[in-house]
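S.K.: My file is coords-v4.cif. It has mmCIF, C-alpha atoms:
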data_my_file
loop_
_atom_site.label_atom_id
_atom_site.label_comp_id
_atom_site.auth_asym_id
_atom_site.auth_seq_id
_atom_site.Cartn_x
_atom_site.Cartn_y
_atom_site.Cartn_z
CA MET H 84 55.78 73.08 83.78
CA LYS H 85 53.79 76.11 82.76
CA ALA H 86 52.42 74.32 79.70
CA LYS H 87 51.34 71.43 81.93
CA ASP H 88 49.62 73.81 84.35
CA ARG H 89 47.84 75.50 81.46
CA ALA H 90 46.62 72.13 80.16
CA ILE H 91 45.32 71.21 83.63
CA SER H 92 43.59 74.59 83.91
CA ILE H 93 41.87 74.14 80.52
CA LYS H 94 40.77 70.64 81.52
CA ASN H 95 39.34 71.94 84.82
CA GLU H 96 37.48 74.70 82.97
CA LYS H 97 35.89 72.12 80.66
CA ILE H 98 34.82 69.99 83.63
CA ILE H 99 33.31 73.00 85.40
CA ARG H 100 31.55 74.06 82.18
CA ILE H 101 29.89 70.63 81.97
CA LEU H 102 29.25 69.87 85.64
CA GLY H 103 28.29 73.42 86.69
CA PRO H 104 24.92 73.58 84.90
CA ILE H 105 24.13 69.96 85.88
CA LEU H 106 24.76 70.64 89.59
CA LEU H 107 22.73 73.85 89.42
CA LEU H 108 19.82 71.96 87.82
CA ILE H 109 19.96 69.26 90.51
CA ILE H 110 19.91 71.89 93.27
CA LEU H 111 17.02 73.73 91.61
CA LEU H 112 14.97 70.51 91.23
CA ALA H 113 15.68 69.56 94.85
CA VAL H 114 14.50 72.98 96.07
CA LEU H 115 11.33 72.78 93.93
CA GLN H 116 10.62 69.25 95.20
CA LEU H 117 11.03 70.42 98.80
CA VAL H 118 8.91 73.57 98.37
CA THR H 119 6.03 71.82 96.55
CA THR H 120 6.02 68.98 99.08
CA ILE H 121 6.14 71.14 102.22
CA GLY H 122 3.69 73.66 100.76
CA ASN H 123 1.35 70.86 99.61
CA VAL H 124 1.03 72.56 96.20
CA PRO H 125 -1.60 70.84 93.99
CA ASN H 126 -0.19 69.11 90.91
CA TYR H 127 -2.49 71.05 88.57
CA MET H 128 -0.92 74.31 89.79
CA PHE H 129 2.74 73.28 89.93
CA PRO H 130 3.65 69.59 89.86
CA LYS H 131 6.51 68.13 91.86
CA PRO H 132 9.63 67.41 89.75
CA SER H 133 9.32 63.73 90.72
CA VAL H 134 5.78 63.64 89.30
CA VAL H 135 6.93 65.35 86.09
CA PHE H 136 9.72 62.82 85.52
CA GLU H 137 7.35 59.96 86.29
CA THR H 138 4.87 61.30 83.75
CA PHE H 139 7.70 61.79 81.25
CA ALA H 140 8.83 58.17 81.63
CA GLN H 141 5.29 56.76 81.39
CA ASN H 142 4.32 58.76 78.30
CA LEU H 143 7.66 58.89 76.48
CA VAL H 144 7.03 56.01 74.06
CA PRO H 145 3.25 56.12 73.56
CA LYS H 146 2.77 59.91 73.30
CA ILE H 147 5.83 62.12 73.60
CA LEU H 148 8.19 60.51 71.07
CA PRO H 149 5.62 60.35 68.22
CA ALA H 150 4.73 64.01 68.86
CA ALA H 151 8.44 64.92 69.05
CA GLY H 152 9.06 63.20 65.72
CA GLU H 153 6.31 65.28 64.10
CA THR H 154 7.68 68.51 65.56
CA LEU H 155 11.27 67.65 64.64
CA THR H 156 10.22 66.98 61.04
CA VAL H 157 8.63 70.43 60.82
CA VAL H 158 11.67 72.07 62.40
CA LEU H 159 14.20 70.37 60.11
CA ILE H 160 12.28 70.97 56.87
CA GLY H 161 11.52 74.61 57.71
CA TYR H 162 15.10 75.24 58.87
CA ALA H 163 16.62 73.52 55.83
CA ILE H 164 14.63 75.86 53.56
CA GLY H 165 14.70 79.07 55.61
CA ALA H 166 18.41 79.16 56.55
CA PRO H 167 19.79 78.99 52.96
CA ILE H 168 17.23 81.58 51.84
CA GLY H 169 18.45 83.89 54.62
CA ILE H 170 22.11 83.48 53.66
CA MET H 171 21.44 83.98 49.94
CA LEU H 172 19.31 87.09 50.52
CA ALA H 173 21.98 88.53 52.82
CA ALA H 174 24.65 87.88 50.19
CA MET H 175 22.65 89.61 47.44
CA MET H 176 21.64 92.54 49.64
CA SER H 177 25.24 93.09 50.74
CA GLN H 178 26.40 93.27 47.10
CA PHE H 179 23.54 95.29 45.64
CA LYS H 180 22.43 98.41 47.53
CA LEU H 181 19.15 98.65 45.62
CA LEU H 182 18.11 95.20 46.82
CA ASN H 183 19.09 96.13 50.36
CA LYS H 184 16.90 99.24 50.32
CA ALA H 185 14.00 97.32 48.78
CA PHE H 186 14.04 94.24 51.05
CA SER H 187 15.20 95.63 54.42
CA PRO H 188 11.85 97.13 55.55
CA TYR H 189 9.99 93.88 54.83
CA VAL H 190 12.56 91.75 56.62
CA ILE H 191 12.31 93.99 59.68
CA LEU H 192 8.52 93.77 59.41
CA LEU H 193 8.66 89.96 59.46
CA VAL H 194 10.98 89.96 62.48
CA CYS H 195 8.76 92.38 64.42
CA THR H 196 5.41 90.80 63.51
CA PRO H 197 4.31 88.06 65.95
CA LEU H 198 3.96 84.86 63.94
CA ILE H 199 0.87 83.87 65.90
CA SER H 200 -0.99 86.71 64.18
CA LEU H 201 -0.16 85.24 60.75
CA VAL H 202 -1.12 81.64 61.52
CA PRO H 203 -4.92 82.09 61.14
CA MET H 204 -4.38 83.61 57.68
CA LEU H 205 -2.04 80.76 56.68
CA MET H 206 -4.65 78.28 57.90
CA LEU H 207 -7.27 79.83 55.59
CA TRP H 208 -4.95 79.25 52.64
CA MET H 209 -3.45 75.87 53.57
CA GLY H 210 -5.72 74.21 56.11
CA TYR H 211 -4.47 72.35 59.18
CA GLY H 212 -1.69 70.29 57.59
CA MET H 213 2.06 70.32 58.09
CA ASN H 214 2.53 72.97 55.38
CA VAL H 215 1.27 75.73 57.66
CA ARG H 216 3.81 74.87 60.34
CA ILE H 217 6.68 74.55 57.85
CA ILE H 218 5.86 77.93 56.27
CA GLY H 219 5.71 79.41 59.78
CA VAL H 220 9.19 78.10 60.58
CA ILE H 221 10.58 79.43 57.28
CA ILE H 222 9.09 82.88 57.95
CA GLN H 223 10.76 83.01 61.36
CA VAL H 224 14.12 81.45 60.45
CA PHE H 225 15.21 83.24 57.29
CA PRO H 226 15.01 86.85 58.63
CA ILE H 227 17.14 86.12 61.70
CA VAL H 228 19.72 84.21 59.63
CA MET H 229 19.65 86.95 56.99
CA MET H 230 20.17 89.82 59.44
CA ASN H 231 23.19 88.19 61.12
CA SER H 232 24.71 87.11 57.82
CA PHE H 233 24.19 90.58 56.35
CA THR H 234 26.01 92.10 59.34
CA GLY H 235 28.94 89.79 58.69
CA PHE H 236 29.05 90.48 54.97
CA ASN H 237 29.14 94.22 55.63
CA ASN H 238 31.83 94.17 58.32
CA VAL H 239 34.73 92.64 56.44
CA GLU H 240 38.10 94.26 57.15
CA HIS H 241 38.68 97.02 54.59
CA ILE H 242 42.32 96.10 54.14
CA LYS H 243 41.29 92.68 52.79
CA LEU H 244 38.85 94.23 50.31
CA GLU H 245 41.42 96.81 49.23
CA LEU H 246 43.98 94.05 48.70
CA MET H 247 41.57 92.12 46.45
CA GLN H 248 40.73 95.34 44.58
CA SER H 249 44.42 96.10 44.03
CA MET H 250 44.81 92.62 42.52
CA GLY H 251 42.00 93.35 40.05
CA ALA H 252 39.56 90.86 41.57
CA LYS H 253 35.94 91.19 40.52
CA ARG H 254 33.03 91.60 42.94
CA PHE H 255 31.96 87.95 43.00
CA THR H 256 35.54 86.70 43.27
CA THR H 257 36.08 88.99 46.27
CA PHE H 258 32.84 87.83 47.86
CA PHE H 259 33.46 84.09 47.55
CA ARG H 260 37.17 84.22 48.40
CA VAL H 261 37.22 86.84 51.15
CA THR H 262 33.86 88.26 52.25
CA PHE H 263 32.02 84.98 52.77
CA PHE H 264 34.75 83.34 54.84
CA ASP H 265 35.38 86.47 56.89
CA ALA H 266 31.65 86.66 57.69
CA LEU H 267 31.28 82.99 58.71
CA PRO H 268 31.21 83.71 62.49
CA HIS H 269 28.21 86.01 61.96
CA VAL H 270 26.57 83.51 59.62
CA PHE H 271 26.86 80.78 62.23
CA THR H 272 25.47 83.09 64.89
CA GLY H 273 22.40 83.49 62.70
CA LEU H 274 22.22 79.74 62.09
CA LYS H 275 22.37 79.02 65.84
CA LEU H 276 19.66 81.57 66.58
CA GLY H 277 17.67 80.03 63.72
CA THR H 278 17.55 76.65 65.49
CA ILE H 279 15.98 78.33 68.54
CA PHE H 280 13.45 80.27 66.47
CA ALA H 281 12.60 77.17 64.44
CA THR H 282 11.85 75.07 67.54
CA ILE H 283 9.78 77.78 69.23
CA THR H 284 7.84 78.48 66.05
CA ALA H 285 7.09 74.83 65.32
CA VAL H 286 5.71 74.24 68.82
CA SER H 287 3.73 77.51 68.79
CA THR H 288 2.08 76.86 65.43
CA GLU H 289 1.21 73.30 66.46
CA GLY H 290 -0.57 74.70 69.49
CA VAL H 291 -2.73 76.91 67.25
CA SER H 292 -3.11 75.05 63.97
CA GLY H 293 -1.86 71.50 64.41
CA ASN H 294 -3.56 68.26 65.34
CA MET H 295 -0.19 66.58 65.97
CA GLY H 296 3.17 67.47 67.48
CA LEU H 297 4.41 68.71 70.83
CA GLY H 298 2.45 71.96 70.66
CA HIS H 299 -0.80 70.06 70.17
CA LEU H 300 0.13 67.63 72.97
CA MET H 301 0.79 70.57 75.29
CA MET H 302 -2.56 72.22 74.50
CA GLU H 303 -4.30 68.87 74.98
CA ALA H 304 -2.71 68.52 78.42
CA LYS H 305 -3.68 72.09 79.28
CA GLY H 306 -7.33 71.34 78.47
CA VAL H 307 -7.50 68.63 81.15
CA LEU H 308 -5.25 70.48 83.67
CA ARG H 309 -2.41 67.96 83.24
CA THR H 310 0.34 70.38 84.23
CA ASP H 311 2.74 67.49 84.77
CA MET H 312 2.25 66.44 81.13
CA MET H 313 2.83 70.03 80.01
CA PHE H 314 6.16 70.13 81.84
CA ALA H 315 7.10 66.71 80.42
CA THR H 316 6.45 68.11 76.94
CA ILE H 317 8.55 71.18 77.72
CA ILE H 318 11.46 68.89 78.61
CA ILE H 319 11.47 67.24 75.18
CA CYS H 320 11.07 70.65 73.48
CA ALA H 321 14.16 71.85 75.34
CA ILE H 322 16.07 68.71 74.37
CA ILE H 323 15.27 69.27 70.67
CA GLY H 324 16.29 72.93 70.78
CA ILE H 325 19.52 72.33 72.71
CA THR H 326 20.50 69.40 70.46
CA LEU H 327 20.03 71.38 67.23
CA TYR H 328 21.86 74.40 68.67
CA SER H 329 24.74 72.17 69.80
CA LEU H 330 25.02 70.50 66.38
CA VAL H 331 25.32 73.86 64.61
CA ASN H 332 27.79 75.04 67.27
CA LEU H 333 29.87 71.89 66.69
CA ALA H 334 29.79 72.48 62.92
CA GLU H 335 31.01 76.04 63.53
CA LYS H 336 34.00 74.81 65.53
CA LYS H 337 34.88 72.25 62.86
CA ILE H 338 34.55 74.67 59.94
CA ILE H 339 35.96 77.88 61.44
CA LYS H 340 39.36 76.61 62.50
CA TRP H 341 40.79 80.09 63.08
CA LYS H 342 38.15 81.04 65.66
CA LYS H 343 39.33 80.59 69.24
#
The structure in this file should be written as structure tokens.

M.R.:
Amino acid sequence: MKAKDRAISIKNEKIIRILGPILLLIILLAVLQLVTTIGNVPNYMFPKPSVVFETFAQNLVPKILPAAGETLTVVLIGYAIGAPIGIMLAAMMSQFKLLNKAFSPYVILLVCTPLISLVPMLMLWMGYGMNVRIIGVIIQVFPIVMMNSFTGFNNVEHIKLELMQSMGAKRFTTFFRVTFFDALPHVFTGLKLGTIFATITAVSTEGVSGNMGLGHLMMEAKGVLRTDMMFATIIICAIIGITLYSLVNLAEKKIIKWKK
């Protein structure tokens, strides 16, 4: 009976986890609709949710989806290059102290430097094409993946390392058989954060240097005070970010079987 009650409790928790955010969003949209209607707020200042969804539906095929495809391409290419670089750098820095001391200050510098300040310089070198946006995504993704992976590689249980050492295992054998797998939760944390940074960076660089993509579409809407179009663009940006984050999270659950 207890096992049955536990199963019902887990099922209820899953339902609440799914329905809770949806109900909260519906309540929030209803309140915003009521406030903007009663207050007679102009659409250029803060559009009604109903107007935003109407604009989203009208512009989804002709404008939003093509721009989203451009942005998604930049995100995926930049992420596919930046994430492996971050993991490999973290692996090398965790095994060789000299590399760690040499690279760490520059990685911290990249994390702390606003990307928007680097975009004009990248534009001078590469023009207005997709390369600028991809490089921007790589610059933002690999440090955050590297820092989380490095934390994982350096926090392996000592008893496991001592056991491998007592068995005469070499450094690389220990890394690939123990360290890497023990650090996977940290690696996936970096990969999940990387999806967020990649999406934000792609949209930001498109707003500054692109002539296509969601960032450009948002700046175009801003220029003609189409706040409803800006919010419609934000919706698709959120969808891209949440989808990529969820896919990496799903991969983590499938790969790390021992994580509860």

S.K.: So how far away is atom CA of Thr310 of chain H from atom CA of Pro125 of chain H, in Å?

M.R.: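 Answer for the atom CA of Pro125 of chain H to atom CA of Thr310 of chain H separation: 10.0 Å.
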
S.K.: For Pro226 of chain H, list every protein, DNA or RNA residue within 9 Å, evaluated using all atoms listed in the file, and leave out those in the same chain fewer than 5 positions away; present the list as a count of residues only.

M.R.: 11

S.K.: Given the point (-2.5, 80.1, 66.3) in the coordinates of this file, which residues lie within 6 Å, counting only C-alpha atoms, and how would they look as a ChimeraX atom specification?

M.R.: /H:199,202,288,291-292

S.K.: Using all atoms listed in the file, which of the listed residues (H:Gly324, H:Asp311, H:Ala334, H:Val261) sits closest to Glu137 of chain H?

M.R.: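 Closest residue, counting all atoms listed in the file: H:Asp311.
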
S.K.: Residues within 12 Å of Ser187 of chain H, please, as a PDB file with C-alpha atoms, in the coordinates of the input. Count all atoms listed in the file; anything in the same chain fewer than 3 positions from it doesn't count.

M.R.:
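Written out: out_0.pdb:
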ATOM      1  CA  LEU H 172      19.310  87.090  50.520  1.00  0.00           C
ATOM      2  CA  ALA H 173      21.980  88.530  52.820  1.00  0.00           C
ATOM      3  CA  MET H 175      22.650  89.610  47.440  1.00  0.00           C
ATOM      4  CA  MET H 176      21.640  92.540  49.640  1.00  0.00           C
ATOM      5  CA  SER H 177      25.240  93.090  50.740  1.00  0.00           C
ATOM      6  CA  LYS H 180      22.430  98.410  47.530  1.00  0.00           C
ATOM      7  CA  LEU H 181      19.150  98.650  45.620  1.00  0.00           C
ATOM      8  CA  LEU H 182      18.110  95.200  46.820  1.00  0.00           C
ATOM      9  CA  ASN H 183      19.090  96.130  50.360  1.00  0.00           C
ATOM     10  CA  LYS H 184      16.900  99.240  50.320  1.00  0.00           C
ATOM     11  CA  VAL H 190      12.560  91.750  56.620  1.00  0.00           C
ATOM     12  CA  ILE H 191      12.310  93.990  59.680  1.00  0.00           C
ATOM     13  CA  LEU H 192       8.520  93.770  59.410  1.00  0.00           C
ATOM     14  CA  LEU H 193       8.660  89.960  59.460  1.00  0.00           C
ATOM     15  CA  VAL H 194      10.980  89.960  62.480  1.00  0.00           C
ATOM     16  CA  PRO H 226      15.010  86.850  58.630  1.00  0.00           C
ATOM     17  CA  MET H 229      19.650  86.950  56.990  1.00  0.00           C
ATOM     18  CA  MET H 230      20.170  89.820  59.440  1.00  0.00           C
ATOM     19  CA  PHE H 233      24.190  90.580  56.350  1.00  0.00           C
TER      20      PHE H 233
END

S.K.: For a cutoff of 8 Å around the file-coordinate point (20.9, 73.8, 62.2), which residues qualify once you count all atoms listed in the file? I'd like the result as a PyMOL selection string.

M.R.: chain H and resi 159+162-163+274-275+277-278+327-328+330-331

S.K.: With all atoms listed in the file as the basis for distance, which of H:Asn238, H:Thr326, H:Asn214, H:Ser200 is at the shortest distance from Ala266 of chain H?

M.R.: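 Closest candidate: H:Asn238.
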
S.K.: On this structure, which residues satisfy the PyMOL selection byres ((chain H and resi 262) around 9), written as a ChimeraX atom specification?

M.R.: /H:235-240,243-244,257-261,263-267
